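Trainee: Next up, structure-v7.cif (mmCIF, C-alpha atoms).
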data_data
loop_
_atom_site.label_atom_id
_atom_site.label_comp_id
_atom_site.auth_asym_id
_atom_site.auth_seq_id
_atom_site.Cartn_x
_atom_site.Cartn_y
_atom_site.Cartn_z
CA MET I 1 -2.25 28.71 -1.43
CA ALA I 2 -0.45 30.04 -4.49
CA ASP I 3 2.90 28.68 -3.34
CA ARG I 4 1.71 25.09 -3.34
CA LYS I 5 3.27 23.29 -6.26
CA VAL I 6 0.79 21.14 -8.12
CA LYS I 7 2.39 18.46 -10.21
CA LYS I 8 0.21 16.93 -12.88
CA ASP I 9 2.39 14.37 -14.68
CA LYS I 10 3.73 12.13 -12.00
CA LYS I 11 5.90 9.15 -12.67
CA ASN I 12 4.33 5.77 -12.06
CA ILE I 13 5.73 3.57 -9.32
CA SER I 14 6.62 -0.07 -9.94
CA ILE I 15 7.67 -2.09 -6.94
CA VAL I 16 9.39 -5.46 -7.30
CA CYS I 17 8.50 -7.32 -4.14
CA PHE I 18 11.07 -10.11 -3.98
CA SER I 19 11.07 -10.49 -0.19
CA GLY I 20 8.50 -12.41 1.79
CA GLU I 21 9.32 -10.86 5.12
CA PHE I 22 6.87 -9.00 7.29
CA ASP I 23 8.86 -5.76 7.66
CA LYS I 24 9.78 -5.60 3.97
CA LEU I 25 6.15 -6.16 3.01
CA ILE I 26 5.25 -3.23 5.26
CA ALA I 27 7.80 -1.11 3.38
CA ALA I 28 6.41 -2.22 0.00
CA PHE I 29 2.78 -1.58 0.93
CA THR I 30 3.55 1.74 2.66
CA ILE I 31 5.23 3.08 -0.48
CA ALA I 32 2.49 1.61 -2.67
CA THR I 33 -0.43 3.09 -0.72
CA GLY I 34 1.35 6.43 -0.18
CA ALA I 35 2.08 6.69 -3.88
CA ALA I 36 -1.43 5.68 -4.94
CA ALA I 37 -3.01 8.11 -2.46
CA THR I 38 -0.89 10.93 -3.89
CA ASN I 39 -2.11 10.25 -7.39
CA ARG I 40 0.39 7.87 -8.89
CA GLN I 41 -0.28 4.65 -10.80
CA VAL I 42 1.24 1.84 -8.76
CA THR I 43 2.10 -1.75 -9.69
CA ILE I 44 3.60 -4.34 -7.35
CA PHE I 45 5.30 -7.27 -9.07
CA PHE I 46 5.55 -10.16 -6.62
CA THR I 47 8.29 -12.68 -7.24
CA PHE I 48 10.02 -15.50 -5.35
CA TRP I 49 9.50 -15.14 -1.60
CA GLY I 50 7.15 -12.24 -2.24
CA LEU I 51 4.61 -14.68 -3.73
CA ASN I 52 3.92 -15.95 -0.20
CA ALA I 53 2.04 -12.73 0.47
CA LEU I 54 -0.37 -13.51 -2.38
CA LYS I 55 -1.25 -17.10 -1.49
CA LYS I 56 -4.98 -17.55 -0.96
CA ASN I 57 -4.25 -19.89 1.93
CA GLN I 58 -2.50 -17.72 4.50
CA GLY I 59 -1.13 -20.56 6.63
CA ARG I 60 1.28 -23.41 5.94
CA VAL I 61 0.04 -25.61 3.10
CA ALA I 62 2.00 -28.00 0.90
CA MET I 63 1.19 -26.94 -2.67
CA GLY I 64 2.58 -28.07 -5.99
CA LYS I 65 3.23 -31.55 -7.37
CA SER I 66 6.88 -32.30 -6.64
CA VAL I 67 8.11 -33.19 -3.17
CA LEU I 68 10.51 -30.23 -3.13
CA ALA I 69 7.88 -27.67 -4.18
CA ARG I 70 5.49 -29.03 -1.56
CA ALA I 71 8.19 -28.86 1.11
CA PHE I 72 9.22 -25.31 0.14
CA ASN I 73 5.64 -24.05 0.06
CA PHE I 74 4.84 -25.67 3.37
CA LEU I 75 7.94 -24.31 5.08
CA MET I 76 7.51 -20.79 3.65
CA GLY I 77 3.82 -20.64 4.51
CA GLY I 78 1.63 -17.67 3.57
CA PHE I 79 0.73 -14.17 4.71
CA LYS I 80 0.42 -15.26 8.35
CA ASN I 81 3.82 -16.96 8.53
CA MET I 82 5.97 -14.13 7.29
CA PRO I 83 8.96 -13.60 9.57
CA LEU I 84 10.64 -10.35 10.57
CA SER I 85 13.88 -9.97 8.58
CA ARG I 86 15.82 -9.47 11.82
CA LEU I 87 15.13 -10.46 15.43
CA ASN I 88 12.29 -12.78 14.46
CA PHE I 89 12.34 -14.62 17.82
CA LEU I 90 10.93 -17.86 16.40
CA GLY I 91 8.00 -16.07 14.80
CA ALA I 92 6.88 -14.01 17.80
CA SER I 93 8.14 -10.69 16.44
CA PRO I 94 5.52 -9.98 13.75
CA ARG I 95 2.83 -10.14 16.44
CA LEU I 96 4.87 -7.96 18.80
CA MET I 97 5.57 -5.49 16.01
CA THR I 98 1.86 -5.37 15.05
CA GLY I 99 1.05 -4.52 18.68
CA MET I 100 3.61 -1.72 18.65
CA MET I 101 2.22 -0.39 15.38
CA LYS I 102 -1.32 -0.30 16.79
CA GLN I 103 -0.06 1.41 19.93
CA HIS I 104 1.42 4.20 17.79
CA ASN I 105 -1.57 4.49 15.41
CA VAL I 106 0.43 3.16 12.50
CA ALA I 107 -1.51 1.09 9.97
CA THR I 108 -0.91 -2.65 10.37
CA LEU I 109 0.12 -4.81 7.41
CA PRO I 110 -3.42 -6.17 6.75
CA GLU I 111 -4.76 -2.58 6.87
CA LEU I 112 -2.14 -1.45 4.35
CA VAL I 113 -2.96 -4.36 2.05
CA GLU I 114 -6.68 -3.54 2.24
CA ALA I 115 -5.94 0.14 1.50
CA ALA I 116 -3.79 -0.86 -1.48
CA HIS I 117 -6.67 -2.86 -2.95
CA ALA I 118 -9.13 -0.02 -2.31
CA LEU I 119 -6.81 2.48 -4.00
CA GLY I 120 -6.50 0.29 -7.09
CA VAL I 121 -2.85 -0.68 -6.70
CA ARG I 122 -2.16 -3.16 -9.49
CA ILE I 123 -0.99 -6.54 -8.18
CA VAL I 124 0.87 -8.85 -10.57
CA ALA I 125 2.64 -12.17 -9.98
CA CYS I 126 5.84 -13.46 -11.57
CA GLU I 127 5.21 -16.32 -13.98
CA MET I 128 8.69 -17.78 -13.66
CA ALA I 129 8.73 -17.92 -9.87
CA MET I 130 5.26 -19.50 -9.93
CA HIS I 131 6.60 -22.22 -12.26
CA ILE I 132 9.54 -22.97 -9.99
CA LEU I 133 7.43 -23.12 -6.86
CA GLU I 134 4.58 -24.89 -8.73
CA ILE I 135 2.05 -22.31 -7.65
CA GLU I 136 -1.03 -21.99 -9.86
CA ARG I 137 -3.10 -18.87 -10.55
CA GLU I 138 -5.98 -20.30 -8.51
CA ASP I 139 -3.64 -20.66 -5.50
CA LEU I 140 -3.36 -16.85 -5.41
CA ILE I 141 -5.80 -14.24 -4.10
CA ASP I 142 -8.41 -12.84 -6.50
CA GLU I 143 -6.85 -9.36 -6.38
CA VAL I 144 -3.93 -10.59 -8.52
CA GLN I 145 -4.70 -8.90 -11.82
CA ASP I 146 -2.17 -10.64 -14.01
CA VAL I 147 0.58 -13.24 -14.16
CA VAL I 148 3.43 -11.76 -16.16
CA GLY I 149 7.07 -12.22 -17.16
CA VAL I 150 9.89 -9.79 -16.66
CA ALA I 151 9.63 -8.36 -20.20
CA THR I 152 5.97 -7.40 -19.68
CA PHE I 153 6.77 -5.94 -16.29
CA LEU I 154 9.60 -3.82 -17.72
CA ASN I 155 7.49 -2.70 -20.68
CA ASP I 156 4.70 -1.68 -18.32
CA SER I 157 7.25 0.12 -16.14
CA GLU I 158 8.91 2.04 -18.96
CA ASP I 159 7.84 5.39 -17.50
CA ALA I 160 7.97 4.37 -13.86
CA HIS I 161 10.34 4.46 -10.96
CA ILE I 162 11.26 0.85 -10.22
CA ILE I 163 11.81 0.02 -6.57
CA PHE I 164 13.22 -3.37 -5.52
CA ILE I 165 12.29 -4.67 -2.10
CA MET V 1 -23.35 18.56 1.63
CA LYS V 2 -20.39 18.92 4.00
CA HIS V 3 -18.55 15.84 5.29
CA PHE V 4 -15.92 15.67 8.03
CA LEU V 5 -12.79 13.59 8.46
CA ASP V 6 -10.34 13.71 11.38
CA ILE V 7 -6.90 12.39 10.47
CA THR V 8 -5.04 13.83 13.47
CA HIS V 9 -4.62 10.34 14.96
CA GLU V 10 -3.48 8.77 11.71
CA THR V 11 0.10 8.43 10.56
CA CYS V 12 1.69 8.23 7.13
CA PRO V 13 0.54 6.86 4.73
CA MET V 14 -3.02 6.47 6.11
CA THR V 15 -3.43 10.26 6.35
CA PHE V 16 -3.48 10.62 2.55
CA VAL V 17 -5.10 7.24 2.04
CA LYS V 18 -8.15 8.07 4.18
CA VAL V 19 -8.62 11.47 2.51
CA LYS V 20 -8.30 9.99 -0.97
CA LEU V 21 -10.76 7.15 -0.26
CA MET V 22 -13.24 9.52 1.40
CA LEU V 23 -13.13 11.99 -1.51
CA ALA V 24 -13.64 9.12 -3.95
CA LYS V 25 -17.01 8.44 -2.28
CA LEU V 26 -18.27 12.02 -2.55
CA GLY V 27 -20.27 13.45 -5.41
CA LYS V 28 -19.14 16.45 -7.45
CA GLY V 29 -19.72 19.72 -5.59
CA GLU V 30 -19.75 18.06 -2.16
CA GLN V 31 -17.38 19.41 0.47
CA LEU V 32 -15.04 17.68 2.90
CA GLU V 33 -13.59 19.22 6.04
CA VAL V 34 -10.33 17.54 7.02
CA LEU V 35 -8.83 18.10 10.47
CA LEU V 36 -5.10 17.41 10.26
CA ASN V 37 -1.79 18.06 12.00
CA ASP V 38 0.86 20.40 10.69
CA GLY V 39 4.00 18.99 9.11
CA GLU V 40 3.63 16.21 6.55
CA PRO V 41 -0.21 16.07 6.40
CA LEU V 42 -0.59 19.84 6.11
CA GLU V 43 2.14 19.92 3.51
CA ASN V 44 0.77 17.15 1.34
CA VAL V 45 -2.97 16.60 1.82
CA PRO V 46 -4.08 19.93 0.28
CA ARG V 47 -1.58 19.53 -2.56
CA SER V 48 -2.72 15.99 -3.25
CA CYS V 49 -6.36 17.20 -3.39
CA GLU V 50 -5.49 19.93 -5.88
CA GLU V 51 -3.60 17.48 -8.04
CA GLN V 52 -6.78 15.48 -8.38
CA GLY V 53 -8.55 18.59 -9.58
CA TYR V 54 -10.41 19.30 -6.33
CA LYS V 55 -10.66 22.82 -4.93
CA VAL V 56 -8.98 23.63 -1.62
CA LEU V 57 -11.31 26.39 -0.36
CA SER V 58 -9.58 27.18 2.93
CA VAL V 59 -6.87 26.13 5.36
CA GLU V 60 -7.50 27.43 8.89
CA PRO V 61 -5.21 26.99 11.86
CA ARG V 62 -6.71 25.46 15.01
CA ASP V 63 -5.34 24.99 18.51
CA GLY V 64 -2.51 22.55 19.15
CA GLY V 65 -0.89 22.76 15.72
CA GLN V 66 -3.96 21.38 13.99
CA HIS V 67 -5.49 22.75 10.81
CA MET V 68 -8.92 22.49 9.21
CA VAL V 69 -8.79 22.10 5.44
CA LEU V 70 -11.96 22.55 3.41
CA VAL V 71 -12.00 20.76 0.08
CA GLU V 72 -14.67 20.80 -2.61
CA LYS V 73 -14.90 17.92 -5.03
#
Show me, as structure tokens, the structure contained in the file I just sent.

Mentor:
Amino acid sequence: MADRKVKKDKKNISIVCFSGEFDKLIAAFTIATGAAATNRQVTIFFTFWGLNALKKNQGRVAMGKSVLARAFNFLMGGFKNMPLSRLNFLGASPRLMTGMMKQHNVATLPELVEAAHALGVRIVACEMAMHILEIEREDLIDEVQDVVGVATFLNDSEDAHIIFI
Amino acid sequence: MKHFLDITHETCPMTFVKVKLMLAKLGKGEQLEVLLNDGEPLENVPRSCEEQGYKVLSVEPRDGGQHMVLVEK
């Protein structure tokens, strides 16, 4: 096994999850879990549409105070309403895709999310996007470790690869 | 104590994920036998274990392109 290269100082991985679409979330969580399982520190910074994946209530709920925020949050919905970025077929595709993933022994999105939490992937939420959408900390899942701004995120990611999804 | 994990039906990234989570549960000195396919899992699972400071004691080929990797925590 002498030819196996062992790398000790690996770069951290910071993923900006801007999208709230099912397939893009799969990409984000696949990279995150793969990186964490191969010994890298991983942070996912959820902003804008990405925040939908972190809402405690996974269905469609009007949250916020203003009419617009309530409308946006209701229409976007949560983890269970995320559309496929292409060929969504009125919301049927995520279910179809999940069936195909199971058929091919590929981890489903909820399984990837669970693995990410178990592996200690750091989950942070964007303060600014939460302000705009009037989402409070208590509206988000407990696994969210911090609510941060872009400066904190960049400081924390100084020695990391930053991936934008 | 020797534990066993079959990841031949798993695909990326759950191959590494399952091994990592399983090893995290073991105590120091305990061993884990991992049955895996060649290609990506064979390439990366033993390496990933060594990076965490675990000992890869053996990698033995099995039928059908599978390999048995023995890791000691």

Trainee: As an exercise, work out the distance from atom CA of I:Ala129 to atom CA of I:Lys56 in Å and give it to one decimal place.

Mentor: 16.4 Å

Trainee: Output as a short mmCIF file (atom, residue, chain, number, x, y, z; two decimals) with C-alpha atoms, in the coordinates of the input the set of chain I residues within 6 Å of chain V, with distances taken over all atoms listed in the file.

Mentor:
data_model
loop_
_atom_site.label_atom_id
_atom_site.label_comp_id
_atom_site.auth_asym_id
_atom_site.auth_seq_id
_atom_site.Cartn_x
_atom_site.Cartn_y
_atom_site.Cartn_z
CA VAL I 6 0.79 21.14 -8.12
CA GLY I 34 1.35 6.43 -0.18
CA ALA I 37 -3.01 8.11 -2.46
CA THR I 38 -0.89 10.93 -3.89
CA ASN I 105 -1.57 4.49 15.41
CA VAL I 106 0.43 3.16 12.50
#

Trainee: Written as a ChimeraX atom specification, which residues does the PyMOL selection byres ((chain V and resi 2-5) around 6) give for the file shown?

Mentor: /V:1,6,31-34

Trainee: If you apply the PyMOL selection byres ((chain V and resi 63) around 12) to this file, what residues do you get, as a list in words?

Mentor: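 Selected by the PyMOL selection byres ((chain V and resi 63) around 12) here: Leu35, Leu36, Asn37, Asp38, Glu60, Pro61, Arg62, Gly64, Gly65, Gln66, His67 and Met68 of chain V.
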
Trainee: Quick one: residues within 7 Å of I:Leu119, only C-alpha atoms, excluding same-chain residues fewer than 2 positions away - as a list in words?

Mentor: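 Here the answer would be Ala36, Ala37, Ala115, Ala116, His117 and Val121 of chain I.
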
Trainee: Could you give me the centre and size, in Å to one decimal, of an axis-aligned box around all listed atoms of stretch 36-50 of chain V with 6 Å added on every side, as AutoDock Vina command-line options?

Mentor:
--center_x -1.2 --center_y 18.2 --center_z 3.1 --size_x 22.4 --size_y 16.4 --size_z 29.9

Trainee: In Å, how far is it from atom CA of I:Arg40 to atom CA of I:Pro110?

Mentor: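 So the two atoms, atom CA of I:Arg40 and atom CA of I:Pro110, lie 21.4 Å apart.
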
Trainee: Hey, what's within 8 Å of I:Ile123 if we count all atoms listed in the file and toss same-chain stuff fewer than 5 positions away? As a PyMOL selection string, please?

Mentor: chain I and resi 43-46+143-146

Trainee: Apply the PyMOL selection byres ((chain I and resi 10-13) around 8) to the structure shown and report the selected residues as a tab-separated table (two decimals) with C-alpha atoms, in the frame of the given file.

Mentor:
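For reference, selection-v1.tsv as written:
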chain	number	residue	atom	x	y	z
I	7	LYS	CA	2.39	18.46	-10.21
I	8	LYS	CA	0.21	16.93	-12.88
I	9	ASP	CA	2.39	14.37	-14.68
I	14	SER	CA	6.62	-0.07	-9.94
I	15	ILE	CA	7.67	-2.09	-6.94
I	32	ALA	CA	2.49	1.61	-2.67
I	35	ALA	CA	2.08	6.69	-3.88
I	39	ASN	CA	-2.11	10.25	-7.39
I	40	ARG	CA	0.39	7.87	-8.89
I	41	GLN	CA	-0.28	4.65	-10.80
I	42	VAL	CA	1.24	1.84	-8.76
I	43	THR	CA	2.10	-1.75	-9.69
I	157	SER	CA	7.25	0.12	-16.14
I	159	ASP	CA	7.84	5.39	-17.50
I	160	ALA	CA	7.97	4.37	-13.86
I	161	HIS	CA	10.34	4.46	-10.96
I	162	ILE	CA	11.26	0.85	-10.22
I	163	ILE	CA	11.81	0.02	-6.57

Trainee: Mind pulling up the distance from atom CA of V:Thr8 to atom CA of V:Met22?

Mentor: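 For atom CA of V:Met22 relative to atom CA of V:Thr8, the distance reads 15.2 Å.
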
Trainee: Would you please work out which residue, of I:Gln103, I:Asn73, I:Asn155, I:Ser85, is nearest to I:Ile26 when using all atoms listed in the file?

Mentor: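 Closest to I:Ile26 of all the choices is I:Ser85.
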
Trainee: Return the single residue from I:Thr47, I:Ser19, I:Ser66, I:Thr30 that is closest to I:Met82, with distances computed using only C-alpha atoms.

Mentor: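 Among the listed residues, the smallest separation from I:Met82 belongs to I:Ser19.
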
Trainee: Between I:Glu127, I:Asp139, I:Glu21, I:Asp156, which residue has the minimum interatomic distance to I:Val61, considering all atoms listed in the file?

Mentor: I:Asp139

Trainee: Using the partial input, fill out stretch 135-159 of chain I with N, CA, C and O atoms; write the result as a PDB file, keeping the file's coordinate frame.

Mentor:
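In the end it all went to rebuild_19.pdb:
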ATOM      1  N   ILE I 135       3.239 -22.999  -8.151  1.00  0.00           N
ATOM      2  CA  ILE I 135       2.050 -22.310  -7.650  1.00  0.00           C
ATOM      3  C   ILE I 135       1.175 -21.953  -8.851  1.00  0.00           C
ATOM      4  O   ILE I 135       1.670 -21.433  -9.851  1.00  0.00           O
ATOM      5  N   GLU I 136      -0.110 -22.272  -8.763  1.00  0.00           N
ATOM      6  CA  GLU I 136      -1.030 -21.990  -9.860  1.00  0.00           C
ATOM      7  C   GLU I 136      -1.775 -20.683  -9.600  1.00  0.00           C
ATOM      8  O   GLU I 136      -1.868 -20.238  -8.457  1.00  0.00           O
ATOM      9  N   ARG I 137      -2.347 -20.120 -10.672  1.00  0.00           N
ATOM     10  CA  ARG I 137      -3.100 -18.870 -10.550  1.00  0.00           C
ATOM     11  C   ARG I 137      -4.193 -18.972  -9.483  1.00  0.00           C
ATOM     12  O   ARG I 137      -4.416 -18.052  -8.704  1.00  0.00           O
ATOM     13  N   GLU I 138      -4.863 -20.150  -9.470  1.00  0.00           N
ATOM     14  CA  GLU I 138      -5.980 -20.300  -8.510  1.00  0.00           C
ATOM     15  C   GLU I 138      -5.505 -20.458  -7.060  1.00  0.00           C
ATOM     16  O   GLU I 138      -6.312 -20.429  -6.137  1.00  0.00           O
ATOM     17  N   ASP I 139      -4.181 -20.623  -6.866  1.00  0.00           N
ATOM     18  CA  ASP I 139      -3.640 -20.660  -5.500  1.00  0.00           C
ATOM     19  C   ASP I 139      -3.487 -19.250  -4.941  1.00  0.00           C
ATOM     20  O   ASP I 139      -3.227 -19.059  -3.750  1.00  0.00           O
ATOM     21  N   LEU I 140      -3.600 -18.241  -5.822  1.00  0.00           N
ATOM     22  CA  LEU I 140      -3.360 -16.850  -5.410  1.00  0.00           C
ATOM     23  C   LEU I 140      -4.669 -16.102  -5.189  1.00  0.00           C
ATOM     24  O   LEU I 140      -5.706 -16.472  -5.742  1.00  0.00           O
ATOM     25  N   ILE I 141      -4.606 -15.035  -4.404  1.00  0.00           N
ATOM     26  CA  ILE I 141      -5.800 -14.240  -4.100  1.00  0.00           C
ATOM     27  C   ILE I 141      -6.407 -13.630  -5.368  1.00  0.00           C
ATOM     28  O   ILE I 141      -5.703 -13.411  -6.362  1.00  0.00           O
ATOM     29  N   ASP I 142      -7.692 -13.346  -5.317  1.00  0.00           N
ATOM     30  CA  ASP I 142      -8.410 -12.840  -6.500  1.00  0.00           C
ATOM     31  C   ASP I 142      -7.899 -11.478  -6.948  1.00  0.00           C
ATOM     32  O   ASP I 142      -8.076 -11.093  -8.099  1.00  0.00           O
ATOM     33  N   GLU I 143      -7.304 -10.708  -6.037  1.00  0.00           N
ATOM     34  CA  GLU I 143      -6.850  -9.360  -6.380  1.00  0.00           C
ATOM     35  C   GLU I 143      -5.655  -9.357  -7.352  1.00  0.00           C
ATOM     36  O   GLU I 143      -5.300  -8.310  -7.884  1.00  0.00           O
ATOM     37  N   VAL I 144      -5.035 -10.526  -7.553  1.00  0.00           N
ATOM     38  CA  VAL I 144      -3.930 -10.590  -8.520  1.00  0.00           C
ATOM     39  C   VAL I 144      -4.507 -10.352  -9.913  1.00  0.00           C
ATOM     40  O   VAL I 144      -5.372 -11.094 -10.369  1.00  0.00           O
ATOM     41  N   GLN I 145      -4.070  -9.278 -10.555  1.00  0.00           N
ATOM     42  CA  GLN I 145      -4.700  -8.900 -11.820  1.00  0.00           C
ATOM     43  C   GLN I 145      -4.086  -9.613 -13.013  1.00  0.00           C
ATOM     44  O   GLN I 145      -4.698  -9.720 -14.055  1.00  0.00           O
ATOM     45  N   ASP I 146      -2.831 -10.037 -12.869  1.00  0.00           N
ATOM     46  CA  ASP I 146      -2.170 -10.640 -14.010  1.00  0.00           C
ATOM     47  C   ASP I 146      -0.984 -11.485 -13.555  1.00  0.00           C
ATOM     48  O   ASP I 146      -0.417 -11.232 -12.500  1.00  0.00           O
ATOM     49  N   VAL I 147      -0.652 -12.477 -14.372  1.00  0.00           N
ATOM     50  CA  VAL I 147       0.580 -13.240 -14.160  1.00  0.00           C
ATOM     51  C   VAL I 147       1.473 -12.891 -15.338  1.00  0.00           C
ATOM     52  O   VAL I 147       1.094 -13.097 -16.480  1.00  0.00           O
ATOM     53  N   VAL I 148       2.622 -12.297 -15.064  1.00  0.00           N
ATOM     54  CA  VAL I 148       3.430 -11.760 -16.160  1.00  0.00           C
ATOM     55  C   VAL I 148       4.902 -12.164 -16.038  1.00  0.00           C
ATOM     56  O   VAL I 148       5.358 -12.599 -14.980  1.00  0.00           O
ATOM     57  N   GLY I 149       5.626 -11.990 -17.149  1.00  0.00           N
ATOM     58  CA  GLY I 149       7.070 -12.220 -17.160  1.00  0.00           C
ATOM     59  C   GLY I 149       7.787 -10.900 -17.002  1.00  0.00           C
ATOM     60  O   GLY I 149       7.168  -9.835 -16.984  1.00  0.00           O
ATOM     61  N   VAL I 150       9.107 -10.988 -16.926  1.00  0.00           N
ATOM     62  CA  VAL I 150       9.890  -9.790 -16.660  1.00  0.00           C
ATOM     63  C   VAL I 150       9.802  -8.783 -17.811  1.00  0.00           C
ATOM     64  O   VAL I 150       9.802  -7.567 -17.594  1.00  0.00           O
ATOM     65  N   ALA I 151       9.693  -9.281 -19.053  1.00  0.00           N
ATOM     66  CA  ALA I 151       9.630  -8.360 -20.200  1.00  0.00           C
ATOM     67  C   ALA I 151       8.364  -7.510 -20.130  1.00  0.00           C
ATOM     68  O   ALA I 151       8.414  -6.291 -20.336  1.00  0.00           O
ATOM     69  N   THR I 152       7.238  -8.143 -19.807  1.00  0.00           N
ATOM     70  CA  THR I 152       5.970  -7.400 -19.680  1.00  0.00           C
ATOM     71  C   THR I 152       6.063  -6.394 -18.551  1.00  0.00           C
ATOM     72  O   THR I 152       5.650  -5.241 -18.695  1.00  0.00           O
ATOM     73  N   PHE I 153       6.641  -6.847 -17.432  1.00  0.00           N
ATOM     74  CA  PHE I 153       6.770  -5.940 -16.290  1.00  0.00           C
ATOM     75  C   PHE I 153       7.604  -4.723 -16.667  1.00  0.00           C
ATOM     76  O   PHE I 153       7.232  -3.590 -16.362  1.00  0.00           O
ATOM     77  N   LEU I 154       8.730  -4.948 -17.359  1.00  0.00           N
ATOM     78  CA  LEU I 154       9.600  -3.820 -17.720  1.00  0.00           C
ATOM     79  C   LEU I 154       8.927  -2.909 -18.739  1.00  0.00           C
ATOM     80  O   LEU I 154       9.035  -1.685 -18.661  1.00  0.00           O
ATOM     81  N   ASN I 155       8.215  -3.523 -19.698  1.00  0.00           N
ATOM     82  CA  ASN I 155       7.490  -2.700 -20.680  1.00  0.00           C
ATOM     83  C   ASN I 155       6.456  -1.820 -19.976  1.00  0.00           C
ATOM     84  O   ASN I 155       6.348  -0.631 -20.263  1.00  0.00           O
ATOM     85  N   ASP I 156       5.722  -2.437 -19.056  1.00  0.00           N
ATOM     86  CA  ASP I 156       4.700  -1.680 -18.320  1.00  0.00           C
ATOM     87  C   ASP I 156       5.318  -0.611 -17.436  1.00  0.00           C
ATOM     88  O   ASP I 156       4.649   0.345 -17.043  1.00  0.00           O
ATOM     89  N   SER I 157       6.587  -0.797 -17.069  1.00  0.00           N
ATOM     90  CA  SER I 157       7.250   0.120 -16.140  1.00  0.00           C
ATOM     91  C   SER I 157       8.160   1.119 -16.840  1.00  0.00           C
ATOM     92  O   SER I 157       8.972   1.780 -16.193  1.00  0.00           O
ATOM     93  N   GLU I 158       8.026   1.195 -18.157  1.00  0.00           N
ATOM     94  CA  GLU I 158       8.910   2.040 -18.960  1.00  0.00           C
ATOM     95  C   GLU I 158       8.995   3.474 -18.406  1.00  0.00           C
ATOM     96  O   GLU I 158      10.064   4.075 -18.355  1.00  0.00           O
ATOM     97  N   ASP I 159       7.854   4.008 -17.999  1.00  0.00           N
ATOM     98  CA  ASP I 159       7.840   5.390 -17.500  1.00  0.00           C
ATOM     99  C   ASP I 159       7.700   5.455 -15.988  1.00  0.00           C
ATOM    100  O   ASP I 159       7.164   6.408 -15.441  1.00  0.00           O
TER     101      ASP I 159
END
